[in-house]
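Colleague: Have a look at this one.
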Amino acid sequence: MKWERGLTFDIGLFIVLFLAVMPNSRVQAFDKPMDWFPPALLTYPLVIGEPLSVIPRYFGNQGIPDVIVFTSTGAPKTFFDLPAEDSAVRFYLLRGEPEGWGEPLFVGQLSIPNRQVISGIASPGVDLDSDGVLDVVAILTVFRGSFAQLDLDETETYMVILWGYPDYIGFEAKFMPLETGLIPPTSVVAGDFNSDGLVDLAFTDPQRLALQVLYNLGGRRWSEPYHVGLADGDNDCLPIPIGCVCGRFSGGKGQDLAVLAICAKGEKFRQMLAFLNLQDDQRWKRSPLFPLGPELFENIQDAFGALIVGDYDGDECNDLLFTAKLKLEGTPFMQRLNLMAIYMLPCPSWKKVDNPRLISAMPSGHLIFVENDLSFGWRIVSLRDEGSHIDVLHIFNDGRHLNAALSVPGYIAGAWVVARGERREIIVVSSQDLQSGITLFNVITRRSR
């Protein structure tokens, strides 16, 4: 069953605040507003449980993106209800087809009797076992009881790995319990940290002010978690890690970790950046803590943001993008606007981080796609925090901004951008009503010609 409709959207045209446009990749028709607007929305109702997340990647060998959808079953229907005895997290594969998507194929499940999911993060497809097939990593935190009786002492955290099979036949689901603090992990990243040719894993452990690193031993085996702390005696604040990415920032042998942290300074909070590099089998070196701008926030929620790595100016050097809440002065209306600023740190290094460049501002949300193109400009896609909207921001080379707020049916759980031939599509999974177990698989695409 498929629904097709016109997409409700609002377009705003306004003047750039500050812009630095650099060369990057190529323009595709998806990204050109004159080719894309008005877009079309295709909605596929799937009876596979309540959606938790979506991870698109090229898992097969056809050059067409596939999608892994995480769902939950047996979760309580109200704030006060208890989870079912057979509650579980399930994983489904939707194979990409030349035109559209295949039926959902059950991959596996994590049984969580009498429990429900409170937090989940995932990493895009990566080849963890060097067999030429992409695998999927997720970290899920669950708790026993209802949300009305939430007790952080009752939380449990699991790492989920969906091992891809050769010959494009599916996945094998494996699960591993993790020891974390009471605050769930907020970011997971894959990289070769010890230069042995195997892909290792790292994730944030906010309560312990640390990252945990799992070294890949080969044969689908992992080391015991190794804790890498951010705090030391030289800090004048307590750095709480909230995001991490992998890249090369120190000039060392292995890949480095860049960590976005929140520092508590008295009763205020500030965003900070640190780099980590493995010196030998057990010793990690940490860079100084670099402040990201002068902004001090009154509450910790306002200090949260995202951290993304990529070459955004075409100089073959890792750049960092980060987001921060934008504080506006002026009328009460202006002060109530919930906006985030997007900044770029061009080619940051272990010893020096230049002042961030403001790219633009848009409604507060979670970045799901960012690209900069010399012949066009910036294009940014974000999942808005408030309401069921996807924000698409185009920034032209001449300084014009074109922002579209796309309304999607249901209650959004996750979104991603995939490339399909000469166009890109936005994949959004949402719940129909938060209780019927129906996932709405929404595809925002270019309208047929």
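Each chain in the structure tokens gets a letter, A, B, ..., in the order shown, and its residues are numbered from 1; ligands are numbered from 1 in order too.
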I'd like the neighbourhood of Ala419 of chain A as a PyMOL selection string, where a residue qualifies if any of its atoms comes within 10 Å (using only C-alpha atoms), though same-chain residues fewer than 2 positions away should be ignored.

Modeller: chain A and resi 28+30+56-58+63-65+417+421-426

Colleague: Would you mind writing down, as a PyMOL selection string, each residue of segment 293-414 of chain A that DSSP on the backbone assigns to strand (DSSP E or B)?

Modeller: chain A and resi 297+307-310+319-325+339-345+357-363+365-373+377-384+389-396+400-407+411-414

Colleague: When distances are computed from only C-alpha atoms, which of A:Ile395, A:Val142, A:Leu257, A:Val160 shows the smallest separation from Phe376 of chain A?

Modeller: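 Answer, going by the shortest atom-to-atom distance: A:Ile395.
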
Colleague: Quick one: everything within 7 Å of segment 134-141 of chain A, counting only C-alpha atoms, minus sequence neighbours fewer than 5 positions away in the same chain. Send it as a compact mmCIF listing (two decimals) with C-alpha atoms, in the first residue's frame.

Modeller:
```txt
# COMPACT_ATOMS: atom_id res chain seq x y z
CA PHE A 59 24.56 -2.98 1.95
CA VAL A 117 13.83 1.80 25.03
CA ILE A 118 14.84 5.13 26.52
CA SER A 119 17.72 5.99 24.15
CA GLY A 120 19.30 4.73 20.97
CA ILE A 121 22.18 5.72 18.68
CA ALA A 122 23.52 4.07 15.54
CA SER A 123 26.44 4.29 13.15
CA PRO A 124 26.05 4.03 9.37
CA GLY A 125 27.20 0.89 7.62
CA VAL A 126 30.88 0.01 8.10
CA ASP A 127 32.85 -3.16 7.34
CA LEU A 128 33.83 -4.34 10.82
CA THR A 155 18.73 1.06 32.99
CA GLU A 156 20.64 -1.45 30.85
CA THR A 157 22.72 -0.69 27.76
CA TYR A 158 23.39 -3.06 24.86
CA MET A 159 25.54 -2.90 21.76
CA VAL A 160 23.82 -4.35 18.71
CA ILE A 161 25.84 -5.43 15.68
CA LEU A 162 24.12 -6.57 12.50
CA TRP A 163 26.82 -8.55 10.72
CA GLY A 164 26.28 -8.43 6.98
CA PRO A 184 23.00 6.84 28.16
```

Colleague: Between A:Ala324, A:Ser436, A:Val428, A:Leu238, which has the minimum distance to Leu52 of chain A (counting only C-alpha atoms)?

Modeller: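 Smallest distance to Leu52 of chain A is found for A:Val428.
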
Colleague: What is the distance between atom CA of Arg95 of chain A and atom CA of Leu367 of chain A, in Å to one decimal?

Modeller: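 One can read the atom CA of Arg95 of chain A to atom CA of Leu367 of chain A distance as 24.5 Å.
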
Colleague: Which value, in Å to one decimal, gives the distance between atom CA of Ile444 of chain A and atom CA of Ala40 of chain A?

Modeller: 5.8 Å

Colleague: Name the closest residue to Gly305 of chain A among the candidates A:Pro346, A:Gly74, A:Gly365, A:Gly254; distances are taken between atoms, counting only C-alpha atoms.

Modeller: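 The closest residue to Gly305 of chain A is A:Gly365.
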
Colleague: So which residues of segment 281-344 of chain A fall under alpha helix (DSSP H) by DSSP, listed as a tab-separated table (two decimals) with all heavy atoms, in the first residue's frame?

Modeller:
```
chain	number	residue	atom	x	y	z
A	300	ILE	N	21.99	23.36	30.88
A	300	ILE	CA	22.80	22.40	30.14
A	300	ILE	C	22.14	21.99	28.83
A	300	ILE	O	22.83	21.69	27.85
A	300	ILE	CB	23.09	21.15	31.02
A	300	ILE	CG1	24.17	20.28	30.37
A	300	ILE	CG2	21.81	20.35	31.28
A	300	ILE	CD1	24.68	19.19	31.27
A	301	GLN	N	20.80	22.02	28.76
A	301	GLN	CA	20.13	21.66	27.52
A	301	GLN	C	20.52	22.58	26.37
A	301	GLN	O	20.68	22.15	25.23
A	301	GLN	CB	18.60	21.66	27.72
A	301	GLN	CG	18.07	20.56	28.60
A	301	GLN	CD	18.13	20.90	30.07
A	301	GLN	OE1	18.58	21.99	30.45
A	301	GLN	NE2	17.66	19.99	30.92
A	302	ASP	N	20.66	23.87	26.67
A	302	ASP	CA	21.01	24.83	25.62
A	302	ASP	C	22.43	24.63	25.11
A	302	ASP	O	22.77	25.09	24.01
A	302	ASP	CB	20.85	26.26	26.14
A	302	ASP	CG	19.40	26.65	26.34
A	302	ASP	OD1	18.52	25.94	25.81
A	302	ASP	OD2	19.15	27.66	27.02
A	303	ALA	N	23.28	23.96	25.88
A	303	ALA	CA	24.67	23.76	25.47
A	303	ALA	C	24.84	22.52	24.59
A	303	ALA	O	25.93	22.31	24.05
A	303	ALA	CB	25.56	23.65	26.71
A	332	PRO	N	10.57	40.22	22.86
A	332	PRO	CA	10.25	38.91	23.45
A	332	PRO	C	10.01	37.84	22.38
A	332	PRO	O	10.38	36.68	22.57
A	332	PRO	CB	9.00	39.18	24.28
A	332	PRO	CG	9.12	40.64	24.64
A	332	PRO	CD	9.76	41.29	23.46
A	333	PHE	N	9.42	38.22	21.25
A	333	PHE	CA	9.19	37.26	20.16
A	333	PHE	C	10.52	36.72	19.64
A	333	PHE	O	10.68	35.52	19.42
A	333	PHE	CB	8.40	37.93	19.04
A	333	PHE	CG	8.32	37.08	17.79
A	333	PHE	CD1	7.43	36.01	17.72
A	333	PHE	CD2	9.15	37.35	16.70
A	333	PHE	CE1	7.37	35.22	16.58
A	333	PHE	CE2	9.08	36.56	15.56
A	333	PHE	CZ	8.19	35.50	15.50
A	334	MET	N	11.48	37.61	19.40
A	334	MET	CA	12.79	37.18	18.91
A	334	MET	C	13.47	36.26	19.91
A	334	MET	O	14.09	35.27	19.53
A	334	MET	CB	13.66	38.40	18.63
A	334	MET	CG	13.18	39.27	17.48
A	334	MET	SD	13.38	38.47	15.87
A	334	MET	CE	15.16	38.47	15.72
A	335	GLN	N	13.35	36.56	21.18
A	335	GLN	CA	14.01	35.76	22.20
A	335	GLN	C	13.39	34.38	22.33
A	335	GLN	O	14.05	33.44	22.78
A	335	GLN	CB	13.96	36.49	23.55
A	335	GLN	CG	14.74	37.80	23.55
A	335	GLN	CD	14.62	38.53	24.88
A	335	GLN	OE1	14.31	37.94	25.91
A	335	GLN	NE2	14.86	39.83	24.86
A	336	ARG	N	12.13	34.24	21.91
A	336	ARG	CA	11.46	32.93	22.02
A	336	ARG	C	11.75	32.03	20.83
A	336	ARG	O	11.43	30.84	20.87
A	336	ARG	CB	9.95	33.13	22.16
A	336	ARG	CG	9.50	33.66	23.51
A	336	ARG	CD	8.00	33.47	23.69
A	336	ARG	NE	7.24	34.16	22.67
A	336	ARG	CZ	6.79	35.40	22.80
A	336	ARG	NH1	7.06	36.09	23.90
A	336	ARG	NH2	6.09	35.97	21.84
```
